[in-house]
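Undergrad: Following this line is run.cif, made up of mmCIF, C-alpha atoms:
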```cif
data_data
loop_
_atom_site.group_PDB
_atom_site.id
_atom_site.type_symbol
_atom_site.label_atom_id
_atom_site.label_comp_id
_atom_site.auth_asym_id
_atom_site.auth_seq_id
_atom_site.Cartn_x
_atom_site.Cartn_y
_atom_site.Cartn_z
ATOM 1 C CA SER W 1 -42.257 111.595 18.209
ATOM 2 C CA SER W 2 -39.867 108.699 18.719
ATOM 3 C CA ASP W 3 -38.093 106.856 21.501
ATOM 4 C CA VAL W 4 -34.929 106.991 19.426
ATOM 5 C CA CYS W 5 -32.848 110.060 18.760
ATOM 6 C CA SER W 6 -34.940 112.547 16.786
ATOM 7 C CA SER W 7 -32.238 112.839 14.135
ATOM 8 C CA ASP W 8 -32.985 109.229 13.209
ATOM 9 C CA LEU W 9 -36.581 110.014 12.207
ATOM 10 C CA SER W 10 -37.165 112.298 9.247
ATOM 11 C CA THR W 11 -39.947 114.908 9.252
ATOM 12 C CA PRO W 12 -43.231 113.096 8.468
ATOM 13 C CA SER W 13 -45.024 114.031 5.248
ATOM 14 C CA LEU W 14 -48.769 113.743 4.636
ATOM 15 C CA ASP W 15 -50.321 112.195 1.535
ATOM 16 C CA LEU W 16 -53.507 114.255 1.157
ATOM 17 C CA ASP W 17 -55.216 111.611 -0.980
ATOM 18 C CA SER W 18 -54.760 108.727 1.430
ATOM 19 C CA GLY W 19 -54.390 110.678 4.668
ATOM 20 C CA ILE W 20 -51.281 108.645 5.530
ATOM 21 C CA TRP W 21 -48.254 110.159 7.202
ATOM 22 C CA THR W 22 -44.893 108.703 6.140
ATOM 23 C CA ALA W 23 -41.398 109.180 7.517
ATOM 24 C CA LYS W 24 -38.000 107.608 6.980
ATOM 25 C CA PHE W 25 -36.670 105.823 10.041
ATOM 26 C CA ARG W 26 -33.007 105.053 10.658
ATOM 27 C CA SER W 27 -31.389 103.298 13.614
ATOM 28 C CA SER W 28 -27.817 102.527 14.640
ATOM 29 C CA LYS W 29 -28.956 99.214 16.119
ATOM 30 C CA SER W 30 -31.150 96.381 14.962
ATOM 31 C CA GLY W 31 -34.154 95.361 17.047
ATOM 32 C CA ILE W 32 -37.516 96.931 17.825
ATOM 33 C CA ALA W 33 -38.009 100.700 18.015
ATOM 34 C CA VAL W 34 -41.140 102.424 19.267
ATOM 35 C CA VAL W 35 -42.685 105.427 17.520
ATOM 36 C CA LYS W 36 -45.358 107.250 19.532
ATOM 37 C CA ASP W 37 -48.185 109.474 18.362
ATOM 38 C CA ILE W 38 -48.248 112.274 20.935
ATOM 39 C CA SER W 39 -51.689 113.430 19.797
ATOM 40 C CA THR W 40 -53.451 110.107 20.460
ATOM 41 C CA GLY W 41 -51.028 108.300 22.730
ATOM 42 C CA GLY W 42 -50.853 105.459 20.234
ATOM 43 C CA ARG W 43 -47.656 103.637 19.356
ATOM 44 C CA ILE W 44 -46.116 101.666 16.529
ATOM 45 C CA ASP W 45 -43.453 99.031 17.012
ATOM 46 C CA ILE W 46 -40.938 99.069 14.163
ATOM 47 C CA THR W 47 -38.618 96.132 13.611
ATOM 48 C CA VAL W 48 -35.293 97.401 12.282
ATOM 49 C CA THR W 49 -33.474 94.868 10.107
ATOM 50 C CA PRO W 50 -30.305 96.215 8.455
ATOM 51 C CA GLY W 51 -29.740 95.506 4.783
ATOM 52 C CA SER W 52 -26.557 94.188 3.197
ATOM 53 C CA PRO W 53 -23.264 96.135 3.480
ATOM 54 C CA HIS W 54 -23.334 99.186 1.212
ATOM 55 C CA HIS W 55 -20.554 101.523 2.422
ATOM 56 C CA LEU W 56 -18.101 102.176 5.243
ATOM 57 C CA GLN W 57 -17.899 105.159 7.575
ATOM 58 C CA PHE W 58 -15.208 106.381 9.970
ATOM 59 C CA LEU W 59 -16.814 106.832 13.379
ATOM 60 C CA ALA W 60 -13.602 107.834 15.177
ATOM 61 C CA GLU W 61 -10.342 108.961 13.571
ATOM 62 C CA PRO W 62 -6.902 109.993 14.824
ATOM 63 C CA SER W 63 -6.452 113.639 15.735
ATOM 64 C CA GLN W 64 -3.434 115.869 15.332
ATOM 65 C CA ASN W 65 -0.628 114.898 17.715
ATOM 66 C CA ASN W 66 3.100 114.926 18.314
ATOM 67 C CA GLY W 67 4.544 111.418 18.289
ATOM 68 C CA SER W 68 4.245 108.227 16.280
ATOM 69 C CA LEU W 69 1.463 106.628 18.352
ATOM 70 C CA LEU W 70 -1.712 107.444 16.421
ATOM 71 C CA VAL W 71 -4.289 105.838 18.689
ATOM 72 C CA SER W 72 -4.142 104.085 22.042
ATOM 73 C CA SER W 73 -7.019 103.872 24.489
ATOM 74 C CA THR W 74 -4.583 103.171 27.331
ATOM 75 C CA ASP W 75 -2.589 106.348 26.598
ATOM 76 C CA GLY W 76 -5.527 108.717 26.259
ATOM 77 C CA LEU W 77 -5.370 108.819 22.450
ATOM 78 C CA GLY W 78 -8.670 107.021 21.865
ATOM 79 C CA TYR W 79 -9.115 104.592 19.013
ATOM 80 C CA ILE W 80 -10.080 104.369 15.355
ATOM 81 C CA SER W 81 -13.435 102.803 14.532
ATOM 82 C CA VAL W 82 -15.075 102.024 11.195
ATOM 83 C CA ARG W 83 -18.766 101.200 10.762
ATOM 84 C CA ILE W 84 -20.225 98.936 8.089
ATOM 85 C CA LEU W 85 -23.493 100.508 6.901
ATOM 86 C CA ASP W 86 -26.359 99.537 4.616
ATOM 87 C CA SER W 87 -27.823 101.837 1.963
ATOM 88 C CA ASN W 88 -29.959 103.611 4.606
ATOM 89 C CA ASP W 89 -26.981 104.199 6.943
ATOM 90 C CA ASN W 90 -28.057 101.478 9.374
ATOM 91 C CA VAL W 91 -25.188 99.584 11.002
ATOM 92 C CA VAL W 92 -25.038 96.057 9.611
ATOM 93 C CA THR W 93 -24.871 94.441 13.038
ATOM 94 C CA GLY W 94 -24.538 90.941 11.620
ATOM 95 C CA SER W 95 -21.301 91.791 9.810
ATOM 96 C CA SER W 96 -17.949 90.453 10.985
ATOM 97 C CA ASP W 97 -15.949 91.638 7.969
ATOM 98 C CA ALA W 98 -12.174 91.898 8.176
ATOM 99 C CA ILE W 99 -11.328 95.608 7.876
ATOM 100 C CA SER W 100 -7.873 96.865 6.913
ATOM 101 C CA LEU W 101 -6.341 100.260 7.629
ATOM 102 C CA ALA W 102 -3.606 101.846 5.519
ATOM 103 C CA LEU W 103 -2.191 105.263 4.667
ATOM 104 C CA GLU W 104 -4.045 106.768 1.704
ATOM 105 C CA ASN W 105 -1.830 109.844 1.566
ATOM 106 C CA ASP W 106 1.764 110.122 2.747
ATOM 107 C CA PRO W 107 3.125 113.681 2.349
ATOM 108 C CA ASN W 108 6.657 112.265 2.283
ATOM 109 C CA GLY W 109 6.064 110.031 -0.729
ATOM 110 C CA PHE W 110 4.666 106.561 -1.313
ATOM 111 C CA GLY W 111 6.028 103.929 1.057
ATOM 112 C CA VAL W 112 8.107 106.309 3.191
ATOM 113 C CA THR W 113 5.737 105.981 6.152
ATOM 114 C CA SER W 114 3.883 102.882 7.295
ATOM 115 C CA LEU W 115 1.525 101.619 9.987
ATOM 116 C CA THR W 116 2.084 98.867 12.500
ATOM 117 C CA CYS W 117 0.186 97.389 15.432
ATOM 118 C CA LEU W 118 1.748 97.343 18.903
ATOM 119 C CA ASP W 119 -0.736 94.894 20.421
ATOM 120 C CA LEU W 120 -1.513 91.909 18.204
ATOM 121 C CA THR W 121 -4.485 91.028 20.400
ATOM 122 C CA LYS W 122 -6.153 94.227 19.175
ATOM 123 C CA CYS W 123 -5.144 94.175 15.496
ATOM 124 C CA SER W 124 -2.840 92.354 13.096
ATOM 125 C CA TRP W 125 -0.100 93.678 10.833
ATOM 126 C CA ASN W 126 1.120 92.694 7.385
ATOM 127 C CA SER W 127 3.031 94.659 4.725
ATOM 128 C CA ASN W 128 2.470 98.093 6.335
ATOM 129 C CA ILE W 129 -1.281 97.469 6.688
ATOM 130 C CA VAL W 130 -3.106 96.794 9.953
ATOM 131 C CA SER W 131 -6.404 94.930 10.102
ATOM 132 C CA THR W 132 -9.000 93.722 12.559
ATOM 133 C CA THR W 133 -12.362 91.952 12.546
ATOM 134 C CA ALA W 134 -15.592 93.898 12.909
ATOM 135 C CA VAL W 135 -17.829 93.058 15.860
ATOM 136 C CA ALA W 136 -21.548 93.709 15.289
ATOM 137 C CA GLY W 137 -20.689 95.821 12.248
ATOM 138 C CA VAL W 138 -18.006 97.995 13.886
ATOM 139 C CA ALA W 139 -14.231 97.528 13.485
ATOM 140 C CA THR W 140 -12.125 99.074 16.264
ATOM 141 C CA PHE W 141 -8.382 99.732 15.938
ATOM 142 C CA ASP W 142 -6.254 100.306 19.007
ATOM 143 C CA ARG W 143 -2.503 100.670 19.673
ATOM 144 C CA VAL W 144 -1.713 101.694 16.076
ATOM 145 C CA VAL W 145 1.670 103.329 15.393
ATOM 146 C CA LYS W 146 2.895 105.367 12.432
ATOM 147 C CA VAL W 147 6.474 104.481 11.483
ATOM 148 C CA GLY W 148 8.440 107.017 9.456
ATOM 149 C CA LYS W 149 8.556 110.759 8.914
ATOM 150 C CA THR W 150 6.228 113.484 10.188
ATOM 151 C CA SER W 151 3.764 115.617 8.230
ATOM 152 C CA THR W 152 5.075 118.373 5.987
ATOM 153 C CA SER W 153 2.238 120.702 7.037
ATOM 154 C CA THR W 154 0.229 121.393 10.175
ATOM 155 C CA ASP W 155 -2.599 123.098 8.292
ATOM 156 C CA CYS W 156 -4.656 120.247 6.874
ATOM 157 C CA VAL W 157 -7.354 122.606 5.595
ATOM 158 C CA ALA W 158 -5.133 124.857 3.501
ATOM 159 C CA ASN W 159 -2.650 122.115 2.607
ATOM 160 C CA PRO W 160 -4.254 118.662 2.895
ATOM 161 C CA SER W 161 -1.564 117.082 0.712
ATOM 162 C CA GLY W 162 0.951 117.874 3.461
ATOM 163 C CA CYS W 163 -0.997 115.755 5.949
ATOM 164 C CA PHE W 164 -1.722 112.076 6.369
ATOM 165 C CA THR W 165 -5.023 110.394 5.501
ATOM 166 C CA LEU W 166 -6.172 106.871 6.283
ATOM 167 C CA ALA W 167 -8.182 104.493 4.119
ATOM 168 C CA ALA W 168 -10.271 101.660 5.551
ATOM 169 C CA THR W 169 -11.184 98.713 3.322
ATOM 170 C CA SER W 170 -13.363 95.672 3.876
ATOM 171 C CA LEU W 171 -11.315 92.627 2.893
ATOM 172 C CA THR W 172 -14.608 90.760 2.613
ATOM 173 C CA SER W 173 -16.699 93.027 0.383
ATOM 174 C CA GLY W 174 -14.089 95.397 -1.065
ATOM 175 C CA LEU W 175 -15.919 98.490 0.226
ATOM 176 C CA SER W 176 -13.629 101.353 1.261
ATOM 177 C CA VAL W 177 -13.650 104.845 2.737
ATOM 178 C CA VAL W 178 -11.035 107.606 3.069
ATOM 179 C CA GLY W 179 -10.775 109.575 6.297
ATOM 180 C CA GLN W 180 -10.056 113.212 7.073
ATOM 181 C CA PRO W 181 -6.496 114.632 6.823
ATOM 182 C CA PHE W 182 -4.490 114.884 10.052
ATOM 183 C CA TRP W 183 -0.941 115.924 10.887
ATOM 184 C CA VAL W 184 1.638 114.188 13.056
ATOM 185 C CA GLY W 185 4.577 116.108 14.463
ATOM 186 C CA ALA W 186 7.756 114.990 16.185
ATOM 187 C CA GLY W 187 7.417 113.651 19.705
ATOM 188 C CA ASP W 188 9.637 114.326 22.698
ATOM 189 C CA ALA W 189 13.333 113.461 22.260
ATOM 190 C CA THR W 190 14.159 110.014 23.674
ATOM 191 C CA GLN W 191 17.599 109.248 22.175
ATOM 192 C CA MET W 192 20.588 110.622 20.246
ATOM 193 C CA ARG W 193 22.095 109.027 17.146
ATOM 194 C CA PHE W 194 25.241 109.587 15.081
ATOM 195 C CA THR W 195 24.771 110.053 11.343
ATOM 196 C CA GLY W 196 27.160 110.220 8.387
ATOM 197 C CA ALA W 197 30.897 109.950 8.998
ATOM 198 C CA ALA W 198 30.420 110.229 12.752
ATOM 199 C CA ALA W 199 28.265 107.097 12.691
ATOM 200 C CA ARG W 200 30.949 105.153 10.813
ATOM 201 C CA ASP W 201 33.751 106.281 13.086
ATOM 202 C CA ARG W 202 32.007 106.173 16.444
ATOM 203 C CA LYS W 203 33.333 102.681 17.305
ATOM 204 C CA SER W 204 36.956 103.762 16.879
ATOM 205 C CA THR W 205 36.582 107.151 18.520
ATOM 206 C CA ARG W 206 36.719 107.329 22.290
ATOM 207 C CA LEU W 207 36.913 110.232 24.666
ATOM 208 C CA ASN W 208 39.682 109.540 27.153
ATOM 209 C CA SER W 209 39.963 111.570 30.329
ATOM 210 C CA SER W 210 43.742 111.734 29.865
ATOM 211 C CA HIS W 211 43.206 113.697 26.650
ATOM 212 C CA VAL W 212 41.131 116.354 28.384
ATOM 213 C CA SER W 213 43.002 119.272 29.921
ATOM 214 C CA GLU W 214 41.547 121.345 32.662
ATOM 215 C CA SER W 215 41.911 125.104 32.560
#
```
Would it be possible to restate this file's structure as structure tokens?
TA:
Amino acid sequence: SSDVCSSDLSTPSLDLDSGIWTAKFRSSKSGIAVVKDISTGGRIDITVTPGSPHHLQFLAEPSQNNGSLLVSSTDGLGYISVRILDSNDNVVTGSSDAISLALENDPNGFGVTSLTCLDLTKCSWNSNIVSTTAVAGVATFDRVVKVGKTSTSTDCVANPSGCFTLAATSLTSGLSVVGQPFWVGAGDATQMRFTGAAARDRKSTRLNSSHVSES
């Protein structure tokens, strides 16, 4: 048995020649973990030291929503987080890589939609890409906004190309990962705007009460 989550310790296997049980141990944190032998009451202290960065993993991603605000912890939309993992899926807690976030798939065409950061204390923005610095191997994005058109599909399983996907990239190591498709619909109406000829003429056109007849 183990003091860590059981999913982090693989099923032990026995080498009949040596009589030694072996198991693969994985932890989301560095430090010392304790493995107990429930048959004898004995224990083994295992020091977990993550290896070098091997791949990235989305831990939290945006969900389907109506509106341009993808994630915001202050608005109940959560956040996006990306973990930096070693080859055994341990979090590389010593990593402070700069991680960028960009649209991998835009159903409206390349460059039509972009990302920006509302709070520059939480992330930075440059050329339609937002970025932040990982803390203890985890990069967290908050207050991220999608600027542009909505998805062309709301069924990301049957039509993933009609949905948005995000890609996270380490600007330090070059490692990257692509997230799951998600759709974004139109939010609540907040303004009205003239388009076409009406937009060109709106400055010269006025509605005067003297021109309105009452019946």
Undergrad: Taking (-13.9, 99.7, 8.8) in the file's coordinates, which residues come within 7 Å, counting all atoms listed in the file, written as number ranges by chain?
TA: W: 56-58, 81-84, 99-100, 138-139, 168-170
Undergrad: Would you list the contacts of Val130 in chain W as a PyMOL selection string, taking every protein, DNA or RNA residue within 10 Å and counting only C-alpha atoms, but skipping same-chain residues closer than 3 positions in sequence?
TA: chain W and resi 99-102+114-117+120+123-127+141+144-145+168
Undergrad: Convert the current residue selection to file output with C-alpha atoms, as a CSV table (one decimal), keeping the file's coordinate frame.
TA:
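Just written: part17.csv:
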```
chain,number,residue,atom,x,y,z
W,99,ILE,CA,-11.3,95.6,7.9
W,100,SER,CA,-7.9,96.9,6.9
W,101,LEU,CA,-6.3,100.3,7.6
W,102,ALA,CA,-3.6,101.8,5.5
W,114,SER,CA,3.9,102.9,7.3
W,115,LEU,CA,1.5,101.6,10.0
W,116,THR,CA,2.1,98.9,12.5
W,117,CYS,CA,0.2,97.4,15.4
W,120,LEU,CA,-1.5,91.9,18.2
W,123,CYS,CA,-5.1,94.2,15.5
W,124,SER,CA,-2.8,92.4,13.1
W,125,TRP,CA,-0.1,93.7,10.8
W,126,ASN,CA,1.1,92.7,7.4
W,127,SER,CA,3.0,94.7,4.7
W,141,PHE,CA,-8.4,99.7,15.9
W,144,VAL,CA,-1.7,101.7,16.1
W,145,VAL,CA,1.7,103.3,15.4
W,168,ALA,CA,-10.3,101.7,5.6
```
Undergrad: Counting all atoms listed in the file, write as an NGL selection string all protein and nucleic acid residues lying at most 9 Å from (8.9, 110.0, 9.1) in the file's frame.
TA: :W and (68 or 108 or 112-114 or 146-151 or 186)
Undergrad: Given the choices W:Asn159, W:Val178, W:Arg143, W:Phe110, which gets closest to Asp75 in chain W if the distance is worked out from all atoms listed in the file?
TA: W:Arg143
Undergrad: Could you tell me which of W:Gly179, W:Gly174, W:Gly185, W:Gly137 comes closest to Val91 in chain W if we count all atoms listed in the file?
TA: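 Smallest separation from Val91 in chain W among the options: W:Gly137.
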Undergrad: To one decimal place in Å, what is the distance between CA of Ser18 in chain W and CA of Ser87 in chain W?
TA: 27.8 Å
